[in-house]
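S.K.: Below is the file final-v5.txt, with compact mmCIF, C-alpha atoms and all ligand atoms.
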```txt
# COMPACT_ATOMS: atom_id res chain seq x y z
CA MET H 525 54.03 68.64 -37.87
CA ALA H 526 57.25 67.65 -36.03
CA SER H 527 57.37 68.81 -32.40
CA SER H 528 60.11 71.35 -31.62
CA LEU H 529 60.55 69.59 -28.26
CA LYS H 530 61.85 66.37 -29.87
CA GLY H 531 65.33 65.52 -31.06
CA PRO H 532 68.75 65.54 -29.40
CA THR H 533 70.53 68.76 -28.40
CA PRO H 534 73.26 68.85 -31.09
CA GLN H 535 76.96 68.70 -30.19
CA GLN H 536 79.77 69.45 -32.66
CA HIS H 537 82.46 66.78 -33.02
CA ASP H 538 85.30 66.35 -35.54
CA GLY H 539 84.77 63.23 -37.62
CA SER H 540 87.89 63.63 -39.77
CA ALA H 541 89.70 60.65 -38.20
CA LEU H 542 86.70 58.32 -38.14
CA ARG H 543 85.72 55.35 -40.31
CA ILE H 544 81.98 54.80 -40.40
CA GLY H 545 80.06 51.82 -41.75
CA ILE H 546 76.48 51.96 -42.95
CA VAL H 547 74.36 48.87 -43.47
CA HIS H 548 70.94 49.51 -45.00
CA ALA H 549 67.97 47.33 -45.86
CA ARG H 550 66.53 47.44 -49.40
CA TRP H 551 62.87 47.12 -48.35
CA ASN H 552 60.90 50.37 -48.83
CA ALA H 553 63.69 51.81 -51.00
CA THR H 554 61.87 55.12 -51.68
CA ILE H 555 62.21 55.89 -47.97
CA ILE H 556 65.61 54.24 -47.49
CA GLU H 557 67.23 56.39 -50.20
CA PRO H 558 66.56 59.82 -48.61
CA LEU H 559 67.43 58.45 -45.17
CA LEU H 560 70.75 57.12 -46.51
CA LYS H 561 71.48 60.44 -48.23
CA GLY H 562 70.66 62.43 -45.10
CA THR H 563 72.95 60.19 -43.07
CA LYS H 564 75.87 60.41 -45.50
CA ASP H 565 75.49 64.17 -46.00
CA LYS H 566 75.65 64.75 -42.25
CA LEU H 567 78.71 62.50 -41.87
CA LEU H 568 80.50 64.52 -44.57
CA ALA H 569 79.40 67.79 -42.95
CA CYS H 570 81.01 66.57 -39.70
CA GLY H 571 84.32 66.02 -41.48
CA VAL H 572 84.20 62.27 -42.13
CA LYS H 573 86.12 61.56 -45.35
CA GLU H 574 84.15 60.05 -48.23
CA LYS H 575 86.61 57.16 -48.52
CA ASN H 576 86.00 56.32 -44.84
CA ILE H 577 82.26 55.87 -45.30
CA VAL H 578 81.53 52.28 -46.35
CA VAL H 579 77.99 51.35 -47.41
CA GLU H 580 76.60 47.82 -47.64
CA SER H 581 73.04 46.61 -48.18
CA VAL H 582 70.95 43.61 -47.11
CA PRO H 583 67.48 42.50 -48.22
CA GLY H 584 65.54 43.62 -45.13
CA SER H 585 65.78 44.91 -41.57
CA TRP H 586 65.82 41.40 -40.15
CA GLU H 587 69.31 40.94 -41.63
CA LEU H 588 70.73 44.15 -40.13
CA PRO H 589 72.18 42.75 -36.86
CA ILE H 590 74.13 39.92 -38.49
CA ALA H 591 75.28 42.27 -41.26
CA VAL H 592 76.58 44.81 -38.73
CA LYS H 593 78.48 42.05 -36.92
CA ALA H 594 79.97 40.74 -40.18
CA MET H 595 80.94 44.21 -41.36
CA TYR H 596 82.73 45.07 -38.13
CA SER H 597 84.45 41.70 -37.76
CA ALA H 598 85.73 41.88 -41.35
CA SER H 599 87.10 45.39 -40.75
CA GLN H 600 88.98 44.14 -37.69
CA VAL H 601 90.58 41.30 -39.68
CA GLN H 602 91.47 43.68 -42.49
CA ALA H 603 93.01 46.22 -40.13
CA SER H 604 95.14 43.59 -38.41
CA SER H 605 96.26 41.83 -41.59
CA ALA H 606 96.80 45.17 -43.37
CA GLY H 607 95.72 44.21 -46.82
CA GLY H 608 94.41 41.40 -49.03
CA GLY H 609 90.72 40.75 -49.67
CA SER H 610 88.00 43.15 -48.68
CA ALA H 611 85.64 43.65 -45.78
CA GLY H 612 82.71 43.48 -48.11
CA ASP H 613 83.20 39.87 -49.30
CA LEU H 614 80.26 38.49 -47.34
CA LEU H 615 78.14 41.54 -47.95
CA ALA H 616 79.44 42.62 -51.34
CA SER H 617 76.71 44.54 -53.08
CA SER H 618 76.56 46.18 -56.46
CA THR H 619 76.77 49.56 -54.79
CA THR H 620 80.19 48.93 -53.19
CA ASP H 621 83.47 49.61 -55.00
CA LEU H 622 85.55 46.73 -53.60
CA THR H 623 88.80 48.31 -54.74
CA ALA H 624 88.09 51.43 -52.69
CA LEU H 625 86.74 49.27 -49.89
CA SER H 626 89.94 47.21 -49.68
CA SER H 627 92.17 50.26 -49.55
CA SER H 628 90.11 52.05 -46.89
CA VAL H 629 89.23 48.94 -44.86
CA ALA H 630 92.87 47.99 -44.35
CA SER H 631 93.41 51.22 -42.38
CA GLN H 632 91.36 50.82 -39.19
CA PRO H 633 88.25 49.07 -37.85
CA PHE H 634 85.01 51.00 -37.99
CA ASP H 635 84.50 53.54 -35.23
CA ALA H 636 80.73 53.24 -35.50
CA ILE H 637 78.21 51.45 -37.71
CA ILE H 638 74.79 52.82 -38.63
CA ALA H 639 71.99 50.33 -39.31
CA ILE H 640 69.22 51.75 -41.52
CA GLY H 641 65.86 50.10 -42.17
CA VAL H 642 62.21 50.98 -42.65
CA LEU H 643 59.50 48.80 -41.13
CA ILE H 644 55.93 49.75 -42.01
CA LYS H 645 53.01 48.13 -40.17
CA GLY H 646 50.96 45.79 -42.39
CA GLU H 647 47.91 43.63 -41.77
CA THR H 648 49.73 40.99 -39.74
CA MET H 649 51.94 40.79 -36.65
CA HIS H 650 55.06 40.50 -38.86
CA PHE H 651 55.91 44.16 -38.18
CA GLU H 652 55.88 43.70 -34.41
CA TYR H 653 58.06 40.61 -34.45
CA ILE H 654 60.68 42.06 -36.76
CA SER H 655 60.75 45.44 -34.99
CA ASP H 656 61.26 43.84 -31.61
CA ALA H 657 63.89 41.36 -32.79
CA VAL H 658 65.88 43.91 -34.79
CA SER H 659 65.96 46.52 -32.02
CA HIS H 660 67.15 43.98 -29.45
CA GLY H 661 69.54 42.41 -31.97
CA LEU H 662 71.20 45.71 -32.83
CA MET H 663 71.56 46.70 -29.17
CA ARG H 664 73.10 43.33 -28.33
CA THR H 665 75.46 43.48 -31.32
CA GLY H 666 76.82 46.86 -30.26
CA LEU H 667 77.30 45.75 -26.67
CA ASP H 668 78.90 42.44 -27.70
CA LEU H 669 81.28 44.10 -30.15
CA GLY H 670 81.97 47.09 -27.92
CA ILE H 671 81.27 49.57 -30.73
CA PRO H 672 78.52 52.15 -31.26
CA VAL H 673 75.72 50.68 -33.40
CA ILE H 674 73.39 53.52 -34.32
CA PHE H 675 69.70 52.57 -34.46
CA GLY H 676 68.48 53.89 -37.78
CA VAL H 677 65.38 51.75 -38.12
CA LEU H 678 62.06 53.49 -38.66
CA THR H 679 59.13 51.51 -37.20
CA VAL H 680 56.09 53.35 -38.52
CA LEU H 681 52.39 52.68 -38.82
CA ASN H 682 51.84 54.03 -42.33
CA ASP H 683 53.53 55.49 -45.41
CA GLU H 684 52.90 59.11 -44.34
CA GLN H 685 54.80 58.60 -41.08
CA ALA H 686 57.69 57.08 -43.06
CA LYS H 687 57.79 59.98 -45.53
CA ALA H 688 57.72 62.53 -42.69
CA ARG H 689 60.73 60.92 -40.99
CA ALA H 690 62.67 60.77 -44.23
CA GLY H 691 62.16 64.53 -44.70
CA LEU H 692 59.93 64.00 -47.74
CA LEU H 693 57.02 66.12 -46.49
CA SER H 694 56.97 69.91 -46.28
CA GLY H 695 58.57 71.03 -43.00
CA SER H 696 59.56 67.49 -42.03
CA HIS H 697 62.96 66.43 -40.67
CA ASN H 698 65.19 63.72 -42.15
CA HIS H 699 66.08 61.43 -39.25
CA GLY H 700 69.16 60.21 -41.13
CA GLU H 701 70.81 63.47 -40.10
CA ASP H 702 70.38 62.54 -36.42
CA TRP H 703 71.90 59.12 -37.05
CA GLY H 704 74.95 60.63 -38.77
CA MET H 705 75.45 63.05 -35.86
CA ALA H 706 75.14 60.22 -33.33
CA ALA H 707 77.68 58.08 -35.20
CA VAL H 708 80.28 60.88 -35.18
CA GLU H 709 79.70 61.75 -31.51
CA LEU H 710 79.91 58.16 -30.33
CA GLY H 711 82.80 57.37 -32.69
CA VAL H 712 84.80 60.24 -31.18
CA LYS H 713 83.82 59.50 -27.57
CA LYS H 714 84.45 55.73 -27.93
CA GLY H 715 88.01 56.42 -28.99
CA ALA H 716 88.62 59.14 -26.39
O1 LIG H 801 57.82 42.69 -43.93
N1 LIG H 801 58.14 43.84 -43.94
C1 LIG H 801 59.41 44.36 -43.94
C2 LIG H 801 60.59 43.58 -44.03
N2 LIG H 801 60.52 42.23 -44.17
C3 LIG H 801 61.63 41.41 -44.62
C4 LIG H 801 62.54 40.97 -43.47
O2 LIG H 801 63.24 42.06 -42.93
C5 LIG H 801 63.56 39.94 -43.97
O3 LIG H 801 64.36 40.53 -44.98
C6 LIG H 801 62.90 38.68 -44.52
O4 LIG H 801 61.96 38.18 -43.57
C7 LIG H 801 63.91 37.59 -44.86
O5 LIG H 801 64.65 37.25 -43.71
N3 LIG H 801 61.81 44.17 -43.97
C8 LIG H 801 61.92 45.53 -43.85
O6 LIG H 801 63.04 46.07 -43.79
N4 LIG H 801 60.80 46.32 -43.77
C9 LIG H 801 59.55 45.78 -43.81
O7 LIG H 801 58.55 46.55 -43.72
```
Could you render the structure as structure tokens?

M.R.:
Amino acid sequence: MASSLKGPTPQQHDGSALRIGIVHARWNATIIEPLLKGTKDKLLACGVKEKNIVVESVPGSWELPIAVKAMYSASQVQASSAGGGSAGDLLASSTTDLTALSSSVASQPFDAIIAIGVLIKGETMHFEYISDAVSHGLMRTGLDLGIPVIFGVLTVLNDEQAKARAGLLSGSHNHGEDWGMAAVELGVKKGA
């Protein structure tokens, strides 16, 4: 049962002028999918326009830091050159409509990028090494780029903990909603 003491005190911010990137891993897709939906639904509820939400995917959480850096850098180039190509070239995935991406990317760099992954403890130390490297890598990427990188990586010990944090169990909370809220708040405050 989720504790009522946890979670951030919500603040309302207007996301209508923001462009938000989402990079998600494809490992543990049955958990990633509801987390991604919860994140996108919250962004839309905060006023972010659908065309200004750009989603890319990578194989696993280990690739998230470099993918965030590539996504942001490409959006900067696109915004300054105002057209031609698309931010998703390096990270083009079957889920991205490059035509839409090119038209929206040319407008402005991302105001925040959300990195989503699910790491589930196995029999080896692999979990610990990836969790540690990815958390430090995402923090460093945000500080290096000077943009909010939202930490949307679940590091859980079993499948039940993962399902609970994706809102898949009765009475459980989808943490993707928190990540969407954080992206809008930091995107607004960064530009203030
Ligand atoms: O091992 N478990 C996981 C995992 N491993 C793959 C890793 O992130 C990377 O993609 C490969 O090592 C290739 O670089 N990636 C996850 O997102 N969750 C896991 O639970």

S.K.: Do you know which residues are within 12 Å of ligand LIG 801 (chain H) using all atoms listed in the file? Can you write them as a VMD selection string?

M.R.: chain H and resid 547 to 556 581 to 591 639 to 658 676 to 683 686

S.K.: Keeping C-alpha atoms, export the residues of the selection given above as a short mmCIF file (atom, residue, chain, number, x, y, z; two decimals), keeping the file's coordinate frame.

M.R.:
```
data_model
loop_
_atom_site.label_atom_id
_atom_site.label_comp_id
_atom_site.auth_asym_id
_atom_site.auth_seq_id
_atom_site.Cartn_x
_atom_site.Cartn_y
_atom_site.Cartn_z
CA VAL H 547 74.36 48.87 -43.47
CA HIS H 548 70.94 49.51 -45.00
CA ALA H 549 67.97 47.33 -45.86
CA ARG H 550 66.53 47.44 -49.40
CA TRP H 551 62.87 47.12 -48.35
CA ASN H 552 60.90 50.37 -48.83
CA ALA H 553 63.69 51.81 -51.00
CA THR H 554 61.87 55.12 -51.68
CA ILE H 555 62.21 55.89 -47.97
CA ILE H 556 65.61 54.24 -47.49
CA SER H 581 73.04 46.61 -48.18
CA VAL H 582 70.95 43.61 -47.11
CA PRO H 583 67.48 42.50 -48.22
CA GLY H 584 65.54 43.62 -45.13
CA SER H 585 65.78 44.91 -41.57
CA TRP H 586 65.82 41.40 -40.15
CA GLU H 587 69.31 40.94 -41.63
CA LEU H 588 70.73 44.15 -40.13
CA PRO H 589 72.18 42.75 -36.86
CA ILE H 590 74.13 39.92 -38.49
CA ALA H 591 75.28 42.27 -41.26
CA ALA H 639 71.99 50.33 -39.31
CA ILE H 640 69.22 51.75 -41.52
CA GLY H 641 65.86 50.10 -42.17
CA VAL H 642 62.21 50.98 -42.65
CA LEU H 643 59.50 48.80 -41.13
CA ILE H 644 55.93 49.75 -42.01
CA LYS H 645 53.01 48.13 -40.17
CA GLY H 646 50.96 45.79 -42.39
CA GLU H 647 47.91 43.63 -41.77
CA THR H 648 49.73 40.99 -39.74
CA MET H 649 51.94 40.79 -36.65
CA HIS H 650 55.06 40.50 -38.86
CA PHE H 651 55.91 44.16 -38.18
CA GLU H 652 55.88 43.70 -34.41
CA TYR H 653 58.06 40.61 -34.45
CA ILE H 654 60.68 42.06 -36.76
CA SER H 655 60.75 45.44 -34.99
CA ASP H 656 61.26 43.84 -31.61
CA ALA H 657 63.89 41.36 -32.79
CA VAL H 658 65.88 43.91 -34.79
CA GLY H 676 68.48 53.89 -37.78
CA VAL H 677 65.38 51.75 -38.12
CA LEU H 678 62.06 53.49 -38.66
CA THR H 679 59.13 51.51 -37.20
CA VAL H 680 56.09 53.35 -38.52
CA LEU H 681 52.39 52.68 -38.82
CA ASN H 682 51.84 54.03 -42.33
CA ASP H 683 53.53 55.49 -45.41
CA ALA H 686 57.69 57.08 -43.06
#
```

S.K.: Measure the distance from CA of Gln536 (chain H) to CA of Ile637 (chain H) in Å and round it to one decimal.

M.R.: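 Atom-to-atom, CA of Gln536 (chain H) and CA of Ile637 (chain H) are spaced 18.8 Å apart.
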
S.K.: Do you know which residues are at most 6 Å from region 560-575 of chain H counting all atoms listed in the file, after dropping those on the same chain fewer than 6 positions away, and could you put them as an MDAnalysis selection string?

M.R.: chainID H and resid 538:540 700:701 704

S.K.: List the neighbours of region 663-674 of chain H out to 8 Å using all atoms listed in the file; skip same-chain residues closer than 4 positions along the sequence, and give me the result as a PyMOL selection string.

M.R.: chain H and resi 589+592-593+635-639+659+703+706-707+710-711+714

S.K.: Considering only C-alpha atoms, return as a list in words whatever protein or nucleic-acid residues lie within 7 Å of Gln600 (chain H), sequence-local ones (same chain, fewer than 4 positions apart) excluded.

M.R.: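 So the residues in contact are Tyr596, Ser604 and Pro633 of chain H.
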
S.K.: May I have the protein, DNA and RNA residues with an atom at most 7 Å from (65.7, 65.2, -42.0), counting all atoms listed in the file in the file's coordinates, returned as a list in words?

M.R.: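 Returned residue set, sorted by chain then number, is Gly562, Arg689, Ala690, Gly691, Ser696, His697, Asn698, His699, Gly700 and Glu701 of chain H.
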
S.K.: For a quick check of understanding, using only C-alpha atoms, which of H:Val712, H:Val601, H:Ala594, H:Met705 has the smallest distance to Pro532 (chain H)?

M.R.: H:Met705

S.K.: Have a look at H:Val579, H:Ala688, H:Leu559, H:Ala603 and name the one nearest to Asp702 (chain H); count only C-alpha atoms.

M.R.: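 Checking each candidate against Asp702 (chain H), we get H:Leu559 as the closest.
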
S.K.: If I take CA of Pro558 (chain H) and CA of Leu692 (chain H), how far is one from the other in Å, to one decimal?

M.R.: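 Separation of CA of Pro558 (chain H) and CA of Leu692 (chain H): 7.9 Å.
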
S.K.: Would you work out the distance separating CA of Lys530 (chain H) from CA of Glu709 (chain H), expressed in Å to one decimal?

M.R.: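 Pair CA of Lys530 (chain H) / CA of Glu709 (chain H) returns 18.5 Å.
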